[in-house]
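Student: Structure: structure.cif, mmCIF, C-alpha atoms.
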```
data_protein
#
loop_
_atom_site.label_atom_id
_atom_site.label_comp_id
_atom_site.auth_asym_id
_atom_site.auth_seq_id
_atom_site.Cartn_x
_atom_site.Cartn_y
_atom_site.Cartn_z
CA MET A 1 115.59 8.48 33.59
CA ASP A 2 113.63 10.17 36.34
CA GLY A 3 114.11 13.90 35.79
CA SER A 4 113.12 14.88 39.34
CA LYS A 5 115.88 12.68 40.77
CA ALA A 6 118.42 14.17 38.36
CA VAL A 7 117.54 17.74 39.35
CA ALA A 8 117.76 16.92 43.08
CA TRP A 9 121.19 15.32 42.77
CA ALA A 10 124.28 17.44 43.32
CA PRO A 11 127.45 15.81 42.00
CA PRO A 12 130.28 15.50 44.53
CA GLU A 13 133.52 17.37 44.09
CA PRO A 14 135.85 15.40 41.82
CA HIS A 15 138.35 14.75 44.60
CA ALA A 16 135.55 13.13 46.61
CA LEU A 17 134.35 10.87 43.79
CA ARG A 18 134.93 7.14 43.99
CA VAL A 19 135.61 6.18 40.39
CA GLY A 20 135.72 2.66 39.03
CA PHE A 21 136.39 0.99 35.69
CA ILE A 22 134.84 -2.09 34.17
CA GLY A 23 137.27 -2.96 31.41
CA ALA A 24 141.02 -2.55 31.73
CA GLY A 25 142.28 -2.01 28.18
CA ARG A 26 144.23 0.85 26.64
CA LEU A 27 141.55 3.51 27.08
CA ALA A 28 140.99 2.50 30.72
CA ARG A 29 144.72 2.75 31.41
CA ALA A 30 145.04 6.21 29.88
CA LEU A 31 141.85 7.59 31.41
CA SER A 32 142.41 6.19 34.89
CA LEU A 33 146.00 7.46 35.06
CA ALA A 34 144.88 10.87 33.82
CA LEU A 35 142.09 11.05 36.41
CA ARG A 36 144.52 10.11 39.19
CA ALA A 37 146.94 12.82 38.00
CA ALA A 38 144.03 15.30 38.12
CA GLY A 39 143.27 14.39 41.73
CA VAL A 40 140.27 12.17 41.06
CA PRO A 41 140.48 8.87 43.01
CA VAL A 42 140.15 5.62 41.07
CA VAL A 43 139.29 3.00 43.67
CA GLY A 44 138.17 -0.08 41.73
CA VAL A 45 138.76 -1.94 38.51
CA ALA A 46 137.28 -5.10 37.05
CA SER A 47 137.87 -6.96 33.83
CA ARG A 48 137.09 -10.30 32.26
CA THR A 49 140.86 -10.64 32.03
CA GLY A 50 142.11 -10.65 35.60
CA ALA A 51 145.72 -9.99 34.61
CA SER A 52 144.86 -6.72 32.84
CA ALA A 53 142.85 -5.54 35.84
CA ARG A 54 145.72 -6.31 38.21
CA THR A 55 148.21 -4.51 35.96
CA LEU A 56 146.01 -1.42 35.91
CA ALA A 57 145.34 -1.47 39.67
CA GLU A 58 149.06 -1.74 40.45
CA SER A 59 149.60 1.66 38.81
CA LEU A 60 146.87 3.32 40.89
CA PRO A 61 147.33 3.79 44.66
CA ASP A 62 144.38 2.55 46.77
CA CYS A 63 142.75 0.88 43.76
CA ARG A 64 141.61 -2.69 44.23
CA VAL A 65 140.69 -5.42 41.80
CA GLY A 66 137.20 -6.87 42.10
CA ASP A 67 134.43 -8.26 39.99
CA PHE A 68 131.82 -6.20 38.17
CA GLN A 69 129.51 -6.27 41.18
CA ASP A 70 132.26 -5.00 43.50
CA VAL A 71 132.93 -1.98 41.29
CA ALA A 72 129.22 -1.20 41.01
CA ARG A 73 128.80 -1.45 44.80
CA ASP A 74 131.83 0.64 45.77
CA CYS A 75 131.95 3.41 43.16
CA ASP A 76 129.98 6.62 42.61
CA LEU A 77 131.00 6.89 38.95
CA VAL A 78 131.64 3.77 36.86
CA PHE A 79 133.25 3.95 33.43
CA LEU A 80 132.46 1.03 31.14
CA THR A 81 135.57 0.71 28.99
CA SER A 82 134.86 -2.81 27.80
CA PRO A 83 134.63 -3.70 24.09
CA ASP A 84 131.56 -2.11 22.51
CA GLY A 85 129.82 -5.43 21.97
CA LEU A 86 129.83 -6.17 25.72
CA ILE A 87 128.43 -2.86 27.00
CA ALA A 88 124.73 -3.79 26.86
CA GLU A 89 125.47 -7.25 28.31
CA ILE A 90 127.36 -5.76 31.28
CA ALA A 91 124.66 -3.15 31.81
CA ARG A 92 122.09 -5.93 32.12
CA ALA A 93 124.21 -8.18 34.34
CA VAL A 94 125.40 -5.72 37.01
CA PRO A 95 123.23 -4.76 40.02
CA TRP A 96 123.39 -0.98 39.75
CA ARG A 97 122.08 1.22 42.52
CA GLU A 98 120.18 4.44 42.77
CA GLY A 99 122.25 7.60 42.83
CA GLN A 100 125.41 6.37 41.09
CA SER A 101 126.53 7.32 37.58
CA VAL A 102 127.29 4.81 34.84
CA VAL A 103 129.09 6.07 31.74
CA HIS A 104 130.37 4.17 28.73
CA CYS A 105 133.34 5.31 26.64
CA SER A 106 132.22 4.00 23.26
CA GLY A 107 132.06 6.35 20.31
CA ALA A 108 129.26 4.63 18.40
CA THR A 109 127.22 2.69 20.98
CA PRO A 110 124.00 4.50 21.98
CA VAL A 111 123.82 5.62 25.59
CA ALA A 112 120.48 3.77 25.64
CA ALA A 113 122.54 0.56 25.92
CA LEU A 114 122.89 1.54 29.59
CA ARG A 115 119.11 1.61 30.10
CA PRO A 116 119.17 -1.22 32.71
CA ALA A 117 121.33 1.00 34.92
CA ALA A 118 118.90 3.89 34.47
CA ASP A 119 116.00 1.60 35.34
CA ALA A 120 117.78 0.82 38.63
CA GLY A 121 118.01 4.54 39.42
CA ALA A 122 121.52 5.32 38.13
CA ARG A 123 122.36 8.23 35.88
CA ILE A 124 123.76 7.23 32.50
CA GLY A 125 125.93 8.91 29.92
CA GLY A 126 128.66 8.71 27.31
CA PHE A 127 132.26 9.98 27.59
CA HIS A 128 134.27 9.30 24.43
CA PRO A 129 137.75 10.77 23.88
CA MET A 130 138.35 11.33 20.16
CA GLN A 131 141.81 9.80 20.26
CA ALA A 132 143.62 6.59 19.31
CA PHE A 133 145.37 4.96 22.26
CA GLY A 134 148.47 2.86 21.71
CA ALA A 135 149.92 0.06 23.79
CA ASP A 136 152.37 2.36 25.64
CA PRO A 137 150.52 3.72 28.72
CA GLY A 138 152.79 6.76 28.94
CA ALA A 139 152.22 7.72 25.32
CA ALA A 140 148.48 7.10 25.67
CA LEU A 141 148.37 9.35 28.74
CA ALA A 142 150.32 12.07 26.91
CA SER A 143 147.86 11.94 24.01
CA LEU A 144 144.81 12.87 26.10
CA PRO A 145 145.38 16.62 26.73
CA GLY A 146 143.92 18.70 23.93
CA CYS A 147 141.70 15.98 22.51
CA THR A 148 137.94 16.37 22.24
CA VAL A 149 135.68 14.32 24.51
CA ALA A 150 132.14 13.74 23.24
CA ILE A 151 129.77 13.93 26.22
CA GLU A 152 126.18 12.76 26.21
CA ALA A 153 124.24 12.90 29.48
CA GLU A 154 121.32 14.63 31.13
CA PRO A 155 121.86 17.42 33.67
CA PRO A 156 123.53 17.53 36.10
CA LEU A 157 125.67 14.51 35.14
CA ASP A 158 126.64 16.34 31.96
CA ALA A 159 128.16 19.15 34.05
CA LEU A 160 130.24 16.65 36.04
CA LEU A 161 131.53 15.00 32.89
CA HIS A 162 132.41 18.35 31.31
CA ASP A 163 134.27 19.26 34.49
CA LEU A 164 136.23 16.02 34.36
CA ALA A 165 137.10 16.67 30.71
CA ARG A 166 138.44 20.12 31.64
CA ARG A 167 140.49 18.65 34.47
CA LEU A 168 142.03 16.22 32.01
CA GLY A 169 143.00 19.09 29.70
CA CYS A 170 140.45 17.99 27.11
CA VAL A 171 137.76 19.87 25.20
CA GLY A 172 134.26 18.75 26.14
CA LEU A 173 131.75 18.47 23.28
CA THR A 174 128.03 18.10 24.02
CA LEU A 175 126.89 15.49 21.53
CA PRO A 176 123.25 15.15 20.39
CA PRO A 177 122.20 11.48 20.58
CA GLU A 178 121.22 11.36 16.91
CA ALA A 179 124.71 12.52 15.86
CA ARG A 180 126.65 9.86 17.73
CA VAL A 181 127.38 7.41 14.92
CA ARG A 182 128.17 10.18 12.42
CA TYR A 183 130.56 11.72 14.95
CA HIS A 184 132.32 8.39 15.39
CA ALA A 185 132.47 7.72 11.64
CA SER A 186 134.17 11.10 11.19
CA GLY A 187 136.99 9.88 13.41
CA GLY A 188 137.55 6.99 11.03
CA TYR A 189 138.40 9.39 8.22
CA ALA A 190 141.03 11.09 10.37
CA SER A 191 142.45 7.86 11.80
CA GLN A 192 141.88 4.41 10.29
CA HIS A 193 141.32 5.67 6.74
CA ILE A 194 144.66 7.48 6.89
CA HIS A 195 146.23 4.06 7.44
CA ALA A 196 144.37 2.70 4.41
CA LEU A 197 145.54 5.59 2.24
CA LEU A 198 149.14 5.24 3.39
CA ALA A 199 148.94 1.51 2.65
CA GLU A 200 148.14 2.44 -0.97
CA ALA A 201 151.13 4.78 -1.04
CA VAL A 202 153.39 2.05 0.40
CA ARG A 203 152.19 -0.35 -2.35
CA LEU A 204 153.41 2.11 -4.94
CA TRP A 205 156.85 2.30 -3.32
CA ARG A 206 157.03 -1.49 -3.18
CA SER A 207 156.20 -1.65 -6.88
CA TRP A 208 159.77 -0.52 -7.67
CA GLY A 209 161.40 -2.55 -4.88
CA ALA A 210 161.43 -0.06 -2.01
CA THR A 211 160.53 -1.14 1.53
CA GLU A 212 157.68 0.03 3.72
CA GLN A 213 160.17 1.72 6.03
CA GLN A 214 161.68 3.67 3.15
CA ALA A 215 158.19 4.75 2.12
CA LEU A 216 157.28 5.86 5.62
CA ASP A 217 160.57 7.71 6.05
CA ALA A 218 159.65 9.75 2.99
CA LEU A 219 155.90 10.08 3.48
CA LEU A 220 155.55 10.79 7.20
CA PRO A 221 157.34 14.17 7.02
CA LEU A 222 154.97 15.02 4.15
CA LEU A 223 152.01 13.98 6.28
CA ARG A 224 153.23 16.06 9.22
CA GLY A 225 153.56 19.09 6.97
CA THR A 226 150.05 18.48 5.66
CA LEU A 227 148.69 18.38 9.21
CA GLU A 228 150.44 21.65 10.05
CA SER A 229 148.94 23.24 6.94
CA LEU A 230 145.49 21.98 7.94
CA ALA A 231 145.87 23.52 11.39
CA ARG A 232 146.93 26.87 9.92
CA SER A 233 144.67 27.16 6.90
CA GLY A 234 141.73 24.78 7.28
CA VAL A 235 140.60 21.86 5.17
CA ALA A 236 139.95 23.51 1.81
CA ALA A 237 142.48 26.35 1.74
CA GLY A 238 145.35 24.17 2.93
CA MET A 239 144.96 21.37 0.36
CA PRO A 240 148.09 20.85 -1.80
CA GLY A 241 148.58 18.83 -4.98
CA PRO A 242 147.82 18.90 -8.70
CA VAL A 243 144.02 18.86 -8.30
CA SER A 244 144.09 22.02 -6.20
CA ARG A 245 145.96 23.91 -8.93
CA GLY A 246 144.10 22.41 -11.90
CA ASP A 247 147.12 20.48 -13.19
CA ALA A 248 145.25 18.10 -15.49
CA GLY A 249 148.45 16.83 -17.14
CA THR A 250 149.85 15.50 -13.86
CA VAL A 251 146.51 13.96 -12.94
CA ARG A 252 146.54 12.15 -16.31
CA LEU A 253 150.02 10.76 -15.66
CA HIS A 254 149.03 9.63 -12.17
CA ARG A 255 146.00 7.78 -13.50
CA GLN A 256 148.00 5.99 -16.17
CA ALA A 257 150.64 4.87 -13.67
CA LEU A 258 148.06 3.70 -11.13
CA GLN A 259 146.07 1.83 -13.76
CA ALA A 260 149.19 -0.17 -14.59
CA VAL A 261 149.63 -1.15 -10.92
CA ASP A 262 145.99 -1.83 -10.01
CA PRO A 263 142.78 -0.53 -11.64
CA ASP A 264 141.09 -0.46 -8.23
CA MET A 265 143.83 1.84 -6.96
CA ARG A 266 143.23 4.15 -9.92
CA ASP A 267 139.49 4.08 -9.23
CA LEU A 268 140.09 5.17 -5.61
CA TYR A 269 142.40 7.93 -6.88
CA ASP A 270 139.66 9.15 -9.24
CA ARG A 271 137.11 9.29 -6.43
CA LEU A 272 139.46 11.23 -4.18
CA CYS A 273 140.33 13.65 -6.98
CA ARG A 274 136.65 14.42 -7.53
CA ARG A 275 136.25 15.23 -3.85
CA GLY A 276 139.40 17.32 -4.05
CA LEU A 277 137.94 19.34 -6.94
CA VAL A 278 135.03 20.35 -4.70
CA LEU A 279 137.44 21.52 -2.00
CA ALA A 280 139.60 23.44 -4.46
CA ARG A 281 136.58 25.27 -5.87
CA GLN A 282 135.34 25.95 -2.35
CA ALA A 283 138.67 27.55 -1.43
CA GLY A 284 138.58 29.76 -4.52
CA ARG A 285 141.90 28.37 -5.73
CA LEU A 286 140.56 26.76 -8.88
CA ASP A 287 138.49 28.45 -11.58
CA ALA A 288 135.82 26.75 -13.69
CA ALA A 289 138.18 26.15 -16.62
CA GLY A 290 140.78 24.48 -14.42
CA ALA A 291 138.17 22.27 -12.76
CA GLU A 292 136.70 21.27 -16.12
CA GLY A 293 140.14 20.28 -17.39
CA VAL A 294 140.70 17.92 -14.48
CA GLU A 295 137.16 16.55 -14.79
CA ARG A 296 137.75 15.73 -18.47
CA VAL A 297 140.84 13.76 -17.54
CA LEU A 298 138.95 11.89 -14.80
CA ASP A 299 136.16 11.05 -17.22
CA ALA A 300 138.57 9.71 -19.86
CA SER A 301 139.93 6.19 -20.12
CA PRO A 302 143.24 5.93 -18.22
CA ASP A 303 144.80 3.72 -20.93
#
```
Take the structure in the file and give it back as structure tokens.

Tutor:
Amino acid sequence: MDGSKAVAWAPPEPHALRVGFIGAGRLARALSLALRAAGVPVVGVASRTGASARTLAESLPDCRVGDFQDVARDCDLVFLTSPDGLIAEIARAVPWREGQSVVHCSGATPVAALRPAADAGARIGGFHPMQAFGADPGAALASLPGCTVAIEAEPPLDALLHDLARRLGCVGLTLPPEARVRYHASGGYASQHIHALLAEAVRLWRSWGATEQQALDALLPLLRGTLESLARSGVAAGMPGPVSRGDAGTVRLHRQALQAVDPDMRDLYDRLCRRGLVLARQAGRLDAAGAEGVERVLDASPD
């Protein structure tokens, strides 16, 4: 990117921006509706699926459906909210122009995927809300305020993106390029991996004939309480359970029961317990003797 051009450019006031979206999925719906509510005009949308683009445009006054080239021609700031695998392809295919800003909303894709836009004189960046967006547009919109948005751009585009994040009620995070994939992987632990762990818990309930709904009715209040404890006390100090108190006897019983259901499930339990021991020691809640007792159980055969 040409640094002299970036320094000379003064971003317009948000209410004067002409914003467009290429990609009309769940993130585009939430982000476009939130921008409109914040007084930022969304004037164009394009998608490979025409029906999704029309549905999005119908919810946004003065927004028209076009093709990728129309959005690039008419908009000052273009958000690429297409699937990650299409970002580089779209960046190569669209005739960008000097002076506009092109920003993708992928968590893991390098901003360098937008290099063709930069070569045409556009400013490029990343704007990734750390949030999972469901199919309900209203719920997705409600989930935006308070979430962190990872921003990667050169000045002064970075200032514009941070300002937009503030207007959306989000927390802007300046993300170093080399940290992008690690940042995105961290979200997996707090989102998709929670689903995987709850699936293991549901399997245990089903092992005695209970249903998934019965399991979730019991486990979700526990999960909510855990999240509240995390918010109050932090990761290490707020951790509950037998590992945190050095209860080796209960850990032994757990391992025996899990081994009978599925040895792989017991192996996952062992790995998580070992990580939990580190947290418990870090929080000062578990002395060396207590940690060693649990470690001995984890090292022993579960049979």

Student: Between A:Gly246, A:Pro12, A:Pro129, A:Gly20, single out the one closest to Leu173 of chain A, counting all atoms listed in the file.

Tutor: A:Pro129

Student: Got a sec: who's within 9 Å of Arg26 of chain A, counting all atoms listed in the file, leaving out chain neighbours fewer than 3 positions off, as a list of chain:residue names?

Tutor: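 Returned residues: A:Arg29, A:Ala30, A:Leu31, A:Thr81, A:Phe133, A:Gly134, A:Ala135, A:Asp136, A:Pro137, A:Ala140.
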
Student: Evaluate the PyMOL selection byres ((chain A and resi 245) around 10) against this structure - the residues, as a JSON list (two decimals) with C-alpha atoms, keeping the file's coordinate frame, please.

Tutor:
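Result written to result-v9.json:
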```json
[["chain", "number", "residue", "atom", "x", "y", "z"],
["A", 239, "MET", "CA", 144.96, 21.37, 0.36],
["A", 240, "PRO", "CA", 148.09, 20.85, -1.80],
["A", 241, "GLY", "CA", 148.58, 18.83, -4.98],
["A", 242, "PRO", "CA", 147.82, 18.90, -8.70],
["A", 243, "VAL", "CA", 144.02, 18.86, -8.30],
["A", 244, "SER", "CA", 144.09, 22.02, -6.20],
["A", 246, "GLY", "CA", 144.10, 22.41, -11.90],
["A", 247, "ASP", "CA", 147.12, 20.48, -13.19],
["A", 248, "ALA", "CA", 145.25, 18.10, -15.49],
["A", 277, "LEU", "CA", 137.94, 19.34, -6.94],
["A", 280, "ALA", "CA", 139.60, 23.44, -4.46],
["A", 281, "ARG", "CA", 136.58, 25.27, -5.87],
["A", 285, "ARG", "CA", 141.90, 28.37, -5.73],
["A", 286, "LEU", "CA", 140.56, 26.76, -8.88],
["A", 287, "ASP", "CA", 138.49, 28.45, -11.58],
["A", 290, "GLY", "CA", 140.78, 24.48, -14.42],
["A", 291, "ALA", "CA", 138.17, 22.27, -12.76],
["A", 294, "VAL", "CA", 140.70, 17.92, -14.48]]
```

Student: Which one of A:Ala289, A:Ala199, A:Ala120, A:Ala38 sits closest to Gln100 of chain A if you count only C-alpha atoms?

Tutor: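 Result for the nearest residue to Gln100 of chain A: A:Ala120.
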
Student: Can you pull out the residues contacting segment 43-54 of chain A? Cut-off 6 Å, using only C-alpha atoms, and skip same-chain residues under 4 positions away; I want them as a PyMOL selection string.

Tutor: chain A and resi 19-24+62-68+71

Student: Applied to the shown file, which residues does the PyMOL selection byres ((chain A and resi 161-169) around 8) return, written as an NGL selection string?

Tutor: :A and (14 or 34-35 or 38 or 127 or 144-147 or 149 or 151 or 157-160 or 170-172)

Student: What is the atom CA of Leu175 of chain A to atom CA of Gly188 of chain A distance in Å?

Tutor: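 Atom CA of Gly188 of chain A lies at a distance of 17.2 Å from atom CA of Leu175 of chain A.
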
Student: Could you jot down the atom CA of Tyr183 of chain A to atom CA of Asp84 of chain A separation for me, Å, one decimal place?

Tutor: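 Atom-to-atom, atom CA of Tyr183 of chain A and atom CA of Asp84 of chain A are spaced 15.8 Å apart.
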
Student: Closest to Pro95 of chain A among A:Ala288, A:Val278, A:Ala72, A:Ala113, using all atoms listed in the file?

Tutor: A:Ala72

Student: With a distance cut-off of 9 Å and all atoms listed in the file, select the neighbouring residues of Gly238 of chain A, excluding the residue or stretch itself and same-chain residues fewer than 6 positions from it, and output the selection as number ranges by chain.

Tutor: A: 226, 229-232, 283

Student: Decode the PyMOL selection byres ((chain A and resi 262-271) around 12) for the given file into explicit residues and return them as a PyMOL selection string.

Tutor: chain A and resi 196-197+199-201+203-204+207+243+251-261+272-278+294-303

Student: Please determine, counting all atoms listed in the file, which residue among A:Ile124, A:Ile194, A:Leu141, A:Ala108 has the shortest atom-to-atom distance to Arg182 of chain A.

Tutor: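 Counting all atoms listed in the file, the residue closest to Arg182 of chain A is A:Ala108.
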